[in-house]
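Notes follow the structure.
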Amino acid sequence: MFAAIRQATRAKASMPLRSRLAAPRVPAYRTIVTKRYTEEHEAVSFDDETGLGTVSITDHAQSSLGDVVYVELPVIGSEVTQGALIGAVESVKAASDIYAPVSGKVVEINERLNDQPGLLNKSPEDEGWLCKIELSAPGEMSDLLDLEAYKNSYS
Amino acid sequence: MSVPRVSTLRRLTGIAANSNRCSSTIRFRSFATTNEELRKTGLYDFHVQNGAKMVPFAGYSMPLSYGSVGQVASHNHVRTSAGLFDVGHMVQSNFRGATATAFLEWLTPSSLTTLSPYTSTLSVLLNEKGGIIDDTVITKHSDGAYYVVTNAGRRERDLSWFGAKLAEWNSSERASAGKVEHEVLEGWGLVALQGPEAASYLQSLTSYDLRGLTFGRSAFVPLEGGFNLHVARGGYTGEDGFEISIPPSQTLEVTQILSKAPVQLTGLGARDSLRLEAGMCLYGHDLDEDTSPIEAGLTWVIGKERRETGDFIGAEEVLRQLKEGPTRRRVGLIVEGPPAREGAQIYAPSQNEVIGAVTSGIPSPTLGKNIAMAYVQSGWHKKGTEVEVDVRNKLRKAVLTPMPFVKPKYWRG
């Protein structure tokens, strides 16, 4: 979403994150779910056991957009690259594009949103998830923002 | 859906972002280049104190919404109760002088000679080619005194047009009976009280019997607290309501009086969805200098005798279109699936032929359907006609639907 300042942010955010992730503190046999954000207000939760990233828009995004009336989702099976347009969220106020936060294959979409677009307002980062992507380059997660960096990006 | 399209995704998405003229916390592209100092209305501090989300609009910093009230809730409140809008960014002018009627009948195609005193009319300023420089509401006070409201976004263009045409007029023989003076009411407040409860609320503040002030009429109304204000019945929502002009020193106090429960402060977001449901044009989107009033469906603003005399700027082209018909027309659409926003291309069903484009579009909070204003080629403009609209490279069915989308509730006595 909101592409204007995407390039700048990625460059800014990638360095500190990469060094932080270089030394994992959790033992390798446990599932690690990593949640990262884009400055365009997408979030992705990556489960290293399944290799799947669950994509959503952030709570901040839904509150800025207001009442969501329509969600356009990607096609299951489509291959997407990081930053590619994969859908859109429509509110009364605006149409906002959704960009893939990570590269990979779309393996599942949240069909409930077709009938209940309001889930994006009620539970944007949980019940209102958009799609699941099988990551082709999990290293891309380190290009994204952690929660603190994301919050700093808009406040 | 496999028909090749000229428009690329990037272009379509760029258009989608540009149509977000009223949004902001999330930074939209349309505002990325706005570095100029924004103007403020006299109510700027009041808005901020009331939790407004301020956004750039037409060169002003204006309230998009207030506190946590969402656009739909705000919209619905105006449809069911009453809302107050700051429209002080708009340009308020007085034209005075013995030949003021003739001057304004030169600049517009309206019949002002026959307009009753203290009556308003929607009108258009036309360029030499019959294109709309701006849409405006003209209120006649007498043959020699008019109060005119024009758009903030057209401020510079309108004021220089008025200045040039006034100089031309005053130095010509046409002004021999008396020159015309133009005064801009700089810094004056203008608020719009709109909604089914607007009249009862305003009535509680005045001894003036508002039942006699029907739609399109105006009066100086004494308000509790010693104010005497120009009140015009009408607005930009399709609801019953009033537009109240206030001297600079009184703007804040009057606004405070006018914004108590059940009245809610209402921002630009709801203003846009309300006006679109009411089928009203937004200059710069639904109207521009390459669009004639005939194409825009505003033929009704052209006075009957003005069509005979043809003595207004732009008359030649306007009268030609009136006779031969325009090549394209403004229409209403109801679109299936996602809302079609400004810039969405319109196609003939199952054909690779672009027949028009959307100029404004939203999901209607009142109807629960996607509504849009568009221009289509003549021949495709009849109600019930089925067309297809390209939204993010997918064709969506749409049906031409008469405007207003929501039935107006004006007070006609």
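Letters for chains follow the order of the structure tokens (A, B, ...), residue numbers begin at 1 for each chain, and ligand numbers begin at 1 in the order shown.
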
Within 12 Å of chain B, which residues of chain A come that close, and what is the closest atom pair and distance in Å for each? Count only C-alpha atoms and give it as CSV.
residue,atom,partner,partner_atom,distance
A:Met1,CA,B:Ile26,CA,9.3
A:Phe2,CA,B:Phe28,CA,6.2
A:Ala3,CA,B:Arg29,CA,7.9
A:Ala4,CA,B:Arg29,CA,5.9
A:Ile5,CA,B:Arg27,CA,8.7
A:Arg6,CA,B:Arg27,CA,11.2
A:Glu39,CA,B:Ile26,CA,9.7
A:Glu40,CA,B:Ile26,CA,8.4
A:His41,CA,B:Ile26,CA,8.8
A:Thr58,CA,B:Ile26,CA,11.8
A:His60,CA,B:Ile26,CA,9.1
A:Ala61,CA,B:Ile26,CA,7.5
A:Gln62,CA,B:Ile26,CA,10.3
A:Ser63,CA,B:Gly70,CA,8.8
A:Ser64,CA,B:Thr25,CA,6.4
A:Leu65,CA,B:Ser23,CA,8.3
A:Gly66,CA,B:Gly70,CA,6.0
A:Asp67,CA,B:Val72,CA,7.0
A:Val68,CA,B:Pro363,CA,9.7
A:Val69,CA,B:Pro363,CA,7.3
A:Tyr70,CA,B:Pro338,CA,5.8
A:Val71,CA,B:Pro338,CA,7.8
A:Glu72,CA,B:Pro338,CA,7.8
A:Leu73,CA,B:Pro338,CA,11.5
A:Pro74,CA,B:Arg392,CA,11.9
A:Ala84,CA,B:Arg10,CA,10.4
A:Leu85,CA,B:Leu9,CA,8.5
A:Ile86,CA,B:Arg392,CA,10.6
A:Gly87,CA,B:Arg392,CA,8.8
A:Ala88,CA,B:Arg392,CA,8.8
A:Val89,CA,B:Pro338,CA,9.1
A:Glu90,CA,B:Pro338,CA,7.2
A:Ser91,CA,B:Pro363,CA,7.5
A:Val92,CA,B:Pro363,CA,5.4
A:Lys93,CA,B:Gly269,CA,6.5
A:Ala94,CA,B:Asn20,CA,5.5
A:Ala95,CA,B:Ala16,CA,6.1
A:Ser96,CA,B:Ala17,CA,7.0
A:Asp97,CA,B:Thr13,CA,7.1
A:Ile98,CA,B:Thr13,CA,10.4
A:Tyr99,CA,B:Thr13,CA,11.4
A:Asn114,CA,B:Gly337,CA,9.8
A:Asp115,CA,B:Gly337,CA,11.2
A:Pro117,CA,B:Pro338,CA,11.2
A:Asn121,CA,B:Gly70,CA,11.4
A:Ser153,CA,B:Ile26,CA,10.5
A:Tyr154,CA,B:Ile26,CA,7.7
A:Ser155,CA,B:Thr25,CA,9.4

Save the residues we just selected, N, CA and C atoms, as a CSV table (one decimal), in the first residue's frame?
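Below is the file out-v4.csv, written as the result:
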chain,number,residue,atom,x,y,z
A,1,MET,N,0.8,-1.2,0.0
A,1,MET,CA,0.0,0.0,0.0
A,1,MET,C,0.9,1.2,0.0
A,2,PHE,N,0.3,2.3,-0.5
A,2,PHE,CA,0.9,3.7,-0.3
A,2,PHE,C,2.4,3.7,-0.7
A,3,ALA,N,2.6,3.6,-2.0
A,3,ALA,CA,3.9,3.2,-2.5
A,3,ALA,C,4.9,4.4,-2.5
A,4,ALA,N,4.5,5.6,-2.3
A,4,ALA,CA,5.4,6.7,-2.5
A,4,ALA,C,6.7,6.6,-1.9
A,5,ILE,N,6.8,6.2,-0.7
A,5,ILE,CA,8.1,6.3,0.0
A,5,ILE,C,8.7,4.9,0.3
A,6,ARG,N,8.3,4.0,-0.6
A,6,ARG,CA,8.7,2.6,-0.3
A,6,ARG,C,10.2,2.4,-0.4
A,39,GLU,N,6.5,-0.2,5.3
A,39,GLU,CA,6.0,1.2,5.5
A,39,GLU,C,4.7,1.4,4.8
A,40,GLU,N,4.3,0.5,3.9
A,40,GLU,CA,3.0,0.7,3.2
A,40,GLU,C,1.9,0.0,4.0
A,41,HIS,N,2.2,-0.4,5.2
A,41,HIS,CA,1.2,-0.8,6.1
A,41,HIS,C,0.7,-2.3,5.9
A,58,THR,N,-2.1,-3.6,8.5
A,58,THR,CA,-1.9,-3.3,9.9
A,58,THR,C,-3.2,-2.7,10.5
A,60,HIS,N,-3.1,0.0,12.2
A,60,HIS,CA,-3.0,1.4,11.9
A,60,HIS,C,-3.6,1.7,10.5
A,61,ALA,N,-3.4,0.8,9.5
A,61,ALA,CA,-3.9,1.0,8.2
A,61,ALA,C,-5.4,1.0,8.2
A,62,GLN,N,-6.0,0.0,8.9
A,62,GLN,CA,-7.4,-0.1,8.9
A,62,GLN,C,-8.1,1.1,9.5
A,63,SER,N,-7.4,1.6,10.6
A,63,SER,CA,-8.1,2.7,11.3
A,63,SER,C,-7.9,4.0,10.4
A,64,SER,N,-6.9,4.1,9.6
A,64,SER,CA,-6.8,5.2,8.7
A,64,SER,C,-7.7,5.1,7.5
A,65,LEU,N,-7.9,3.9,7.1
A,65,LEU,CA,-8.8,3.7,5.9
A,65,LEU,C,-10.3,3.9,6.2
A,66,GLY,N,-10.6,3.5,7.4
A,66,GLY,CA,-12.0,3.5,7.8
A,66,GLY,C,-12.7,2.3,7.3
A,67,ASP,N,-14.1,2.4,7.2
A,67,ASP,CA,-14.9,1.2,6.9
A,67,ASP,C,-14.5,0.6,5.6
A,68,VAL,N,-14.0,-0.6,5.6
A,68,VAL,CA,-13.6,-1.3,4.4
A,68,VAL,C,-14.8,-2.0,3.8
A,69,VAL,N,-15.0,-1.8,2.5
A,69,VAL,CA,-16.2,-2.3,1.9
A,69,VAL,C,-15.9,-3.4,0.8
A,70,TYR,N,-14.6,-3.5,0.4
A,70,TYR,CA,-14.3,-4.4,-0.6
A,70,TYR,C,-12.8,-4.8,-0.5
A,71,VAL,N,-12.5,-6.1,-0.7
A,71,VAL,CA,-11.1,-6.5,-0.6
A,71,VAL,C,-10.9,-7.3,-1.9
A,72,GLU,N,-9.9,-6.9,-2.6
A,72,GLU,CA,-9.5,-7.6,-3.8
A,72,GLU,C,-8.2,-8.5,-3.5
A,73,LEU,N,-8.4,-9.8,-3.7
A,73,LEU,CA,-7.3,-10.7,-3.2
A,73,LEU,C,-6.6,-11.3,-4.4
A,74,PRO,N,-5.3,-11.7,-4.2
A,74,PRO,CA,-4.6,-12.3,-5.4
A,74,PRO,C,-5.2,-13.7,-5.7
A,84,ALA,N,5.3,-6.5,-5.5
A,84,ALA,CA,4.3,-6.5,-6.5
A,84,ALA,C,2.9,-6.3,-6.0
A,85,LEU,N,2.1,-5.7,-6.9
A,85,LEU,CA,0.7,-5.4,-6.5
A,85,LEU,C,0.0,-6.8,-6.5
A,86,ILE,N,-0.6,-7.0,-5.3
A,86,ILE,CA,-1.3,-8.3,-5.2
A,86,ILE,C,-2.8,-8.1,-4.9
A,87,GLY,N,-3.3,-6.9,-4.6
A,87,GLY,CA,-4.7,-6.7,-4.3
A,87,GLY,C,-4.9,-5.3,-3.9
A,88,ALA,N,-6.1,-5.1,-3.4
A,88,ALA,CA,-6.5,-3.7,-3.0
A,88,ALA,C,-7.5,-3.8,-1.9
A,89,VAL,N,-7.5,-2.8,-1.1
A,89,VAL,CA,-8.5,-2.6,-0.1
A,89,VAL,C,-9.3,-1.3,-0.4
A,90,GLU,N,-10.6,-1.4,-0.4
A,90,GLU,CA,-11.4,-0.3,-0.7
A,90,GLU,C,-12.2,0.1,0.5
A,91,SER,N,-12.1,1.4,0.9
A,91,SER,CA,-13.0,1.9,1.9
A,91,SER,C,-13.8,3.0,1.2
A,92,VAL,N,-14.7,3.6,2.0
A,92,VAL,CA,-15.5,4.7,1.4
A,92,VAL,C,-14.5,5.8,1.0
A,93,LYS,N,-13.5,6.0,1.8
A,93,LYS,CA,-12.6,7.1,1.7
A,93,LYS,C,-11.6,6.9,0.5
A,94,ALA,N,-11.1,5.6,0.3
A,94,ALA,CA,-10.0,5.5,-0.7
A,94,ALA,C,-9.9,4.0,-1.1
A,95,ALA,N,-9.2,3.9,-2.3
A,95,ALA,CA,-8.7,2.6,-2.7
A,95,ALA,C,-7.3,2.6,-2.4
A,96,SER,N,-6.8,1.5,-1.8
A,96,SER,CA,-5.4,1.4,-1.4
A,96,SER,C,-4.9,0.1,-1.9
A,97,ASP,N,-3.8,0.1,-2.6
A,97,ASP,CA,-3.2,-1.1,-3.2
A,97,ASP,C,-2.5,-1.9,-2.1
A,98,ILE,N,-2.5,-3.2,-2.3
A,98,ILE,CA,-1.7,-4.0,-1.4
A,98,ILE,C,-0.5,-4.6,-2.2
A,99,TYR,N,0.7,-4.5,-1.6
A,99,TYR,CA,1.9,-5.0,-2.3
A,99,TYR,C,2.3,-6.2,-1.5
A,114,ASN,N,-14.6,-11.9,1.1
A,114,ASN,CA,-15.5,-11.6,0.0
A,114,ASN,C,-16.8,-11.2,0.6
A,115,ASP,N,-17.3,-11.9,1.6
A,115,ASP,CA,-18.6,-11.6,2.2
A,115,ASP,C,-18.5,-10.7,3.4
A,117,PRO,N,-16.0,-8.0,4.3
A,117,PRO,CA,-14.8,-7.1,4.2
A,117,PRO,C,-14.5,-6.4,5.5
A,121,ASN,N,-11.5,-4.4,9.5
A,121,ASN,CA,-11.6,-3.4,10.5
A,121,ASN,C,-11.6,-4.0,11.9
A,153,SER,N,7.8,4.7,11.7
A,153,SER,CA,7.7,5.1,10.2
A,153,SER,C,6.5,6.0,10.0
A,154,TYR,N,5.5,5.9,10.8
A,154,TYR,CA,4.3,6.8,10.6
A,154,TYR,C,4.0,7.8,11.7
A,155,SER,N,4.7,7.7,12.8
A,155,SER,CA,4.4,8.6,13.9
A,155,SER,C,5.3,9.8,13.9

For Gly356 (chain B), find every residue with an atom within 6 Å (counting only C-alpha atoms), except residues of its own chain fewer than 5 positions away, and show them as a PDB file with all heavy atoms, in the first residue's frame.
ATOM      1  N   ILE B 346     -14.392   3.279 -19.085  1.00  0.00           N
ATOM      2  CA  ILE B 346     -15.684   2.626 -19.322  1.00  0.00           C
ATOM      3  C   ILE B 346     -15.691   2.050 -20.736  1.00  0.00           C
ATOM      4  O   ILE B 346     -15.300   2.734 -21.696  1.00  0.00           O
ATOM      5  CB  ILE B 346     -16.830   3.636 -19.134  1.00  0.00           C
ATOM      6  CG1 ILE B 346     -16.797   4.185 -17.706  1.00  0.00           C
ATOM      7  CG2 ILE B 346     -18.179   2.989 -19.431  1.00  0.00           C
ATOM      8  CD1 ILE B 346     -17.695   5.373 -17.501  1.00  0.00           C
ATOM      9  N   TYR B 375     -18.337  10.430 -17.514  1.00  0.00           N
ATOM     10  CA  TYR B 375     -18.719  10.961 -18.818  1.00  0.00           C
ATOM     11  C   TYR B 375     -18.688   9.814 -19.812  1.00  0.00           C
ATOM     12  O   TYR B 375     -17.719   9.052 -19.842  1.00  0.00           O
ATOM     13  CB  TYR B 375     -17.764  12.078 -19.255  1.00  0.00           C
ATOM     14  CG  TYR B 375     -18.082  13.383 -18.567  1.00  0.00           C
ATOM     15  CD1 TYR B 375     -17.610  13.655 -17.289  1.00  0.00           C
ATOM     16  CD2 TYR B 375     -18.887  14.330 -19.189  1.00  0.00           C
ATOM     17  CE1 TYR B 375     -17.929  14.847 -16.649  1.00  0.00           C
ATOM     18  CE2 TYR B 375     -19.211  15.526 -18.562  1.00  0.00           C
ATOM     19  CZ  TYR B 375     -18.734  15.778 -17.292  1.00  0.00           C
ATOM     20  OH  TYR B 375     -19.063  16.944 -16.662  1.00  0.00           O
ATOM     21  N   VAL B 376     -19.761   9.685 -20.582  1.00  0.00           N
ATOM     22  CA  VAL B 376     -19.793   8.667 -21.640  1.00  0.00           C
ATOM     23  C   VAL B 376     -20.201   9.317 -22.955  1.00  0.00           C
ATOM     24  O   VAL B 376     -20.829  10.384 -22.966  1.00  0.00           O
ATOM     25  CB  VAL B 376     -20.772   7.506 -21.327  1.00  0.00           C
ATOM     26  CG1 VAL B 376     -20.319   6.729 -20.106  1.00  0.00           C
ATOM     27  CG2 VAL B 376     -22.198   8.010 -21.163  1.00  0.00           C
TER      28      VAL B 376
END

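Separating CA of Glu127 (chain A) from CA of Ser78 (chain A) is a distance of 22.3 Å.
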
**Prompt:** With only C-alpha atoms as the atoms that count, which of A:Gly83, A:Thr31, A:Ile57, A:Pro101 lies nearest to Leu145 (chain A)?
**Reply:** A:Pro101

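Going from CA of Thr101 (chain B) to CA of Glu317 (chain B) covers 22.6 Å.
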
**Item:** Which of region 77-289 of chain B fall in helix (DSSP H, G or I), as a PyMOL selection string
**Value:** chain B and resi 77-80+100-107+152-170+173-175+198-203+210-212+248-258+268-277

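Taking CA of Val124 (chain B) and CA of Gly163 (chain B) as the two end points, the separation is 16.7 Å.
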
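Using only C-alpha atoms, the nearest neighbour of Asp134 (chain B) within the list B:Leu115, B:Ile257, B:Val149, B:Val387 is B:Val149.
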
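With only C-alpha atoms taken into account, the protein and nucleic acid residues at most 12 Å from Leu185 (chain B) (excluding it and anything under 2 positions from it in its own chain) are Gly88, His89, Met90, Val91, Gln92, Ser93, Asn94, Phe95, Tyr147, Val148, Val149, Thr150, His182, Glu183, Gly187, Trp188, Gly189, Leu190, Ser245, Ile246, Pro247 and Pro248 of chain B.
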
Can you tell me which residues surround Asp288 (chain B) at a distance of at most 8 Å, considering only C-alpha atoms, apart from same-chain residues fewer than 3 positions away, and format the answer as a short mmCIF file (atom, residue, chain, number, x, y, z; two decimals) with N, CA, C and O atoms, in the first residue's frame?
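Output (out_37.cif):
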data_model
loop_
_atom_site.label_atom_id
_atom_site.label_comp_id
_atom_site.auth_asym_id
_atom_site.auth_seq_id
_atom_site.Cartn_x
_atom_site.Cartn_y
_atom_site.Cartn_z
N GLY B 131 -16.44 26.38 -22.02
CA GLY B 131 -15.99 25.48 -20.96
C GLY B 131 -16.22 26.10 -19.59
O GLY B 131 -16.22 27.33 -19.45
N ILE B 132 -16.38 25.24 -18.60
CA ILE B 132 -16.73 25.73 -17.26
C ILE B 132 -15.46 26.13 -16.48
O ILE B 132 -14.63 25.29 -16.15
N ILE B 133 -15.33 27.43 -16.22
CA ILE B 133 -14.23 27.94 -15.40
C ILE B 133 -14.46 27.56 -13.95
O ILE B 133 -13.54 27.20 -13.22
N ASP B 134 -15.71 27.65 -13.53
CA ASP B 134 -16.06 27.26 -12.17
C ASP B 134 -17.57 27.12 -12.09
O ASP B 134 -18.29 27.71 -12.89
N TYR B 283 -15.83 20.38 -8.71
CA TYR B 283 -14.99 21.00 -9.73
C TYR B 283 -13.58 20.40 -9.69
O TYR B 283 -13.04 20.12 -8.63
N GLY B 284 -13.01 20.22 -10.88
CA GLY B 284 -11.66 19.65 -10.96
C GLY B 284 -11.73 18.13 -11.13
O GLY B 284 -10.74 17.50 -11.48
N HIS B 285 -12.88 17.58 -10.87
CA HIS B 285 -13.08 16.14 -11.03
C HIS B 285 -14.21 15.89 -12.05
O HIS B 285 -14.00 15.29 -13.07
N THR B 291 -15.09 21.21 -20.37
CA THR B 291 -16.42 20.61 -20.27
C THR B 291 -17.47 21.73 -20.32
O THR B 291 -17.36 22.72 -19.59
#

**Test item, strand (DSSP E) assignment across chain A, answer as a PyMOL selection string** = chain A and resi 33-37+42-47+52-57+68-72+79-80+85-91+95-99+104-109+131-135

**Message:** Could you list, as a PyMOL selection string, every residue within 7 Å of region 199-214 of chain B, counting only C-alpha atoms and ignoring same-chain residues fewer than 6 positions away?
**Reply:** chain B and resi 221-224+233+241+411-413

Using all heavy atoms, can you write the selected residues to a file as a PDB file, in the first residue's frame?
ATOM      1  N   VAL B 221     -30.815  36.652   8.954  1.00  0.00           N
ATOM      2  CA  VAL B 221     -31.543  36.026  10.056  1.00  0.00           C
ATOM      3  C   VAL B 221     -30.881  36.428  11.377  1.00  0.00           C
ATOM      4  O   VAL B 221     -29.675  36.252  11.540  1.00  0.00           O
ATOM      5  CB  VAL B 221     -31.529  34.484   9.886  1.00  0.00           C
ATOM      6  CG1 VAL B 221     -32.087  33.786  11.117  1.00  0.00           C
ATOM      7  CG2 VAL B 221     -32.299  34.073   8.632  1.00  0.00           C
ATOM      8  N   PRO B 222     -31.680  36.974  12.324  1.00  0.00           N
ATOM      9  CA  PRO B 222     -31.110  37.298  13.631  1.00  0.00           C
ATOM     10  C   PRO B 222     -30.922  36.018  14.439  1.00  0.00           C
ATOM     11  O   PRO B 222     -31.838  35.206  14.533  1.00  0.00           O
ATOM     12  CB  PRO B 222     -32.177  38.196  14.264  1.00  0.00           C
ATOM     13  CG  PRO B 222     -33.452  37.793  13.603  1.00  0.00           C
ATOM     14  CD  PRO B 222     -33.113  37.287  12.236  1.00  0.00           C
ATOM     15  N   LEU B 223     -29.730  35.826  14.973  1.00  0.00           N
ATOM     16  CA  LEU B 223     -29.467  34.633  15.784  1.00  0.00           C
ATOM     17  C   LEU B 223     -29.252  35.050  17.222  1.00  0.00           C
ATOM     18  O   LEU B 223     -28.699  36.119  17.496  1.00  0.00           O
ATOM     19  CB  LEU B 223     -28.207  33.905  15.302  1.00  0.00           C
ATOM     20  CG  LEU B 223     -28.265  32.954  14.111  1.00  0.00           C
ATOM     21  CD1 LEU B 223     -27.074  32.015  14.151  1.00  0.00           C
ATOM     22  CD2 LEU B 223     -29.555  32.154  14.089  1.00  0.00           C
ATOM     23  N   GLU B 224     -29.673  34.214  18.125  1.00  0.00           N
ATOM     24  CA  GLU B 224     -29.460  34.389  19.560  1.00  0.00           C
ATOM     25  C   GLU B 224     -28.006  34.812  19.817  1.00  0.00           C
ATOM     26  O   GLU B 224     -27.089  34.181  19.309  1.00  0.00           O
ATOM     27  CB  GLU B 224     -29.692  33.027  20.219  1.00  0.00           C
ATOM     28  CG  GLU B 224     -30.164  33.062  21.637  1.00  0.00           C
ATOM     29  CD  GLU B 224     -30.530  31.655  22.079  1.00  0.00           C
ATOM     30  OE1 GLU B 224     -29.628  30.902  22.429  1.00  0.00           O
ATOM     31  OE2 GLU B 224     -31.743  31.332  21.992  1.00  0.00           O
ATOM     32  N   ARG B 233     -30.811  28.911   2.202  1.00  0.00           N
ATOM     33  CA  ARG B 233     -31.289  27.538   2.382  1.00  0.00           C
ATOM     34  C   ARG B 233     -30.838  26.689   1.196  1.00  0.00           C
ATOM     35  O   ARG B 233     -31.187  26.988   0.046  1.00  0.00           O
ATOM     36  CB  ARG B 233     -32.805  27.487   2.513  1.00  0.00           C
ATOM     37  CG  ARG B 233     -33.268  26.169   3.127  1.00  0.00           C
ATOM     38  CD  ARG B 233     -34.507  26.348   3.943  1.00  0.00           C
ATOM     39  NE  ARG B 233     -34.763  25.234   4.830  1.00  0.00           N
ATOM     40  CZ  ARG B 233     -35.667  25.268   5.801  1.00  0.00           C
ATOM     41  NH1 ARG B 233     -36.382  26.344   6.025  1.00  0.00           N
ATOM     42  NH2 ARG B 233     -35.839  24.204   6.572  1.00  0.00           N
ATOM     43  N   GLY B 241     -31.037  22.175   4.540  1.00  0.00           N
ATOM     44  CA  GLY B 241     -29.933  22.782   5.286  1.00  0.00           C
ATOM     45  C   GLY B 241     -29.724  24.230   4.941  1.00  0.00           C
ATOM     46  O   GLY B 241     -30.490  24.828   4.165  1.00  0.00           O
ATOM     47  N   TRP B 411     -36.314  21.602   1.590  1.00  0.00           N
ATOM     48  CA  TRP B 411     -37.514  22.202   2.173  1.00  0.00           C
ATOM     49  C   TRP B 411     -38.143  23.135   1.135  1.00  0.00           C
ATOM     50  O   TRP B 411     -37.559  24.150   0.778  1.00  0.00           O
ATOM     51  CB  TRP B 411     -37.165  22.970   3.446  1.00  0.00           C
ATOM     52  CG  TRP B 411     -38.330  23.728   3.999  1.00  0.00           C
ATOM     53  CD1 TRP B 411     -38.528  25.065   3.960  1.00  0.00           C
ATOM     54  CD2 TRP B 411     -39.464  23.176   4.689  1.00  0.00           C
ATOM     55  NE1 TRP B 411     -39.703  25.406   4.567  1.00  0.00           N
ATOM     56  CE2 TRP B 411     -40.311  24.259   5.027  1.00  0.00           C
ATOM     57  CE3 TRP B 411     -39.861  21.876   5.033  1.00  0.00           C
ATOM     58  CZ2 TRP B 411     -41.513  24.075   5.706  1.00  0.00           C
ATOM     59  CZ3 TRP B 411     -41.054  21.703   5.721  1.00  0.00           C
ATOM     60  CH2 TRP B 411     -41.859  22.791   6.040  1.00  0.00           C
ATOM     61  N   ARG B 412     -39.304  22.719   0.633  1.00  0.00           N
ATOM     62  CA  ARG B 412     -39.957  23.559  -0.369  1.00  0.00           C
ATOM     63  C   ARG B 412     -41.256  24.162   0.163  1.00  0.00           C
ATOM     64  O   ARG B 412     -42.076  24.668  -0.588  1.00  0.00           O
ATOM     65  CB  ARG B 412     -40.219  22.748  -1.637  1.00  0.00           C
ATOM     66  CG  ARG B 412     -38.902  22.258  -2.279  1.00  0.00           C
ATOM     67  CD  ARG B 412     -39.126  21.661  -3.653  1.00  0.00           C
ATOM     68  NE  ARG B 412     -37.932  21.010  -4.173  1.00  0.00           N
ATOM     69  CZ  ARG B 412     -36.983  21.632  -4.875  1.00  0.00           C
ATOM     70  NH1 ARG B 412     -37.068  22.916  -5.112  1.00  0.00           N
ATOM     71  NH2 ARG B 412     -35.932  20.949  -5.320  1.00  0.00           N
ATOM     72  N   GLY B 413     -41.457  24.081   1.471  1.00  0.00           N
ATOM     73  CA  GLY B 413     -42.581  24.733   2.127  1.00  0.00           C
ATOM     74  C   GLY B 413     -43.861  23.931   2.037  1.00  0.00           C
ATOM     75  O   GLY B 413     -43.891  22.851   1.480  1.00  0.00           O
TER      76      GLY B 413
END

**Asked** Near Asp135 (chain B), within 12 Å and counting only C-alpha atoms, which residues show up once chain neighbours fewer than 5 positions away are dropped, as a ChimeraX atom specification?
**Response** /B:90-91,107-110,121-127,148-155,158,280-284,286-289,291-293,296,298,301

So that I have them on file, write out the residues from the current selection with C-alpha atoms, as a PDB file, in the first residue's frame.
ATOM      1  CA  MET B  90     -14.764  28.897  -0.449  1.00  0.00           C
ATOM      2  CA  VAL B  91     -14.528  32.369  -1.936  1.00  0.00           C
ATOM      3  CA  LEU B 107     -20.175  36.007 -17.246  1.00  0.00           C
ATOM      4  CA  THR B 108     -22.852  33.333 -16.784  1.00  0.00           C
ATOM      5  CA  PRO B 109     -25.759  31.896 -18.802  1.00  0.00           C
ATOM      6  CA  SER B 110     -28.181  32.380 -15.890  1.00  0.00           C
ATOM      7  CA  THR B 121     -29.223  29.839  -8.293  1.00  0.00           C
ATOM      8  CA  LEU B 122     -26.512  27.397  -9.253  1.00  0.00           C
ATOM      9  CA  SER B 123     -24.579  28.813 -12.163  1.00  0.00           C
ATOM     10  CA  VAL B 124     -21.370  28.446 -14.147  1.00  0.00           C
ATOM     11  CA  LEU B 125     -18.625  30.832 -15.183  1.00  0.00           C
ATOM     12  CA  LEU B 126     -17.836  30.042 -18.816  1.00  0.00           C
ATOM     13  CA  ASN B 127     -14.727  30.647 -20.861  1.00  0.00           C
ATOM     14  CA  VAL B 148     -21.493  34.967  -5.119  1.00  0.00           C
ATOM     15  CA  VAL B 149     -19.754  31.870  -3.752  1.00  0.00           C
ATOM     16  CA  THR B 150     -17.049  30.190  -5.834  1.00  0.00           C
ATOM     17  CA  ASN B 151     -14.692  27.272  -5.257  1.00  0.00           C
ATOM     18  CA  ALA B 152     -11.525  27.523  -3.180  1.00  0.00           C
ATOM     19  CA  GLY B 153      -9.631  25.396  -5.662  1.00  0.00           C
ATOM     20  CA  ARG B 154     -10.412  27.941  -8.399  1.00  0.00           C
ATOM     21  CA  ARG B 155      -9.617  30.991  -6.330  1.00  0.00           C
ATOM     22  CA  ASP B 158     -11.753  33.028 -10.777  1.00  0.00           C
ATOM     23  CA  MET B 280     -23.574  17.107  -7.307  1.00  0.00           C
ATOM     24  CA  CYS B 281     -20.389  17.915  -9.204  1.00  0.00           C
ATOM     25  CA  LEU B 282     -16.988  18.518  -7.680  1.00  0.00           C
ATOM     26  CA  TYR B 283     -14.990  20.996  -9.730  1.00  0.00           C
ATOM     27  CA  GLY B 284     -11.665  19.647 -10.961  1.00  0.00           C
ATOM     28  CA  ASP B 286     -16.538  16.209 -12.598  1.00  0.00           C
ATOM     29  CA  LEU B 287     -16.159  19.628 -14.204  1.00  0.00           C
ATOM     30  CA  ASP B 288     -13.295  21.436 -15.902  1.00  0.00           C
ATOM     31  CA  GLU B 289     -12.568  24.073 -18.516  1.00  0.00           C
ATOM     32  CA  THR B 291     -16.424  20.613 -20.266  1.00  0.00           C
ATOM     33  CA  SER B 292     -19.518  22.544 -21.270  1.00  0.00           C
ATOM     34  CA  PRO B 293     -22.638  22.870 -19.132  1.00  0.00           C
ATOM     35  CA  ALA B 296     -22.165  18.288 -17.668  1.00  0.00           C
ATOM     36  CA  LEU B 298     -26.241  21.504 -16.316  1.00  0.00           C
ATOM     37  CA  VAL B 301     -28.780  26.493 -15.369  1.00  0.00           C
TER      38      VAL B 301
END
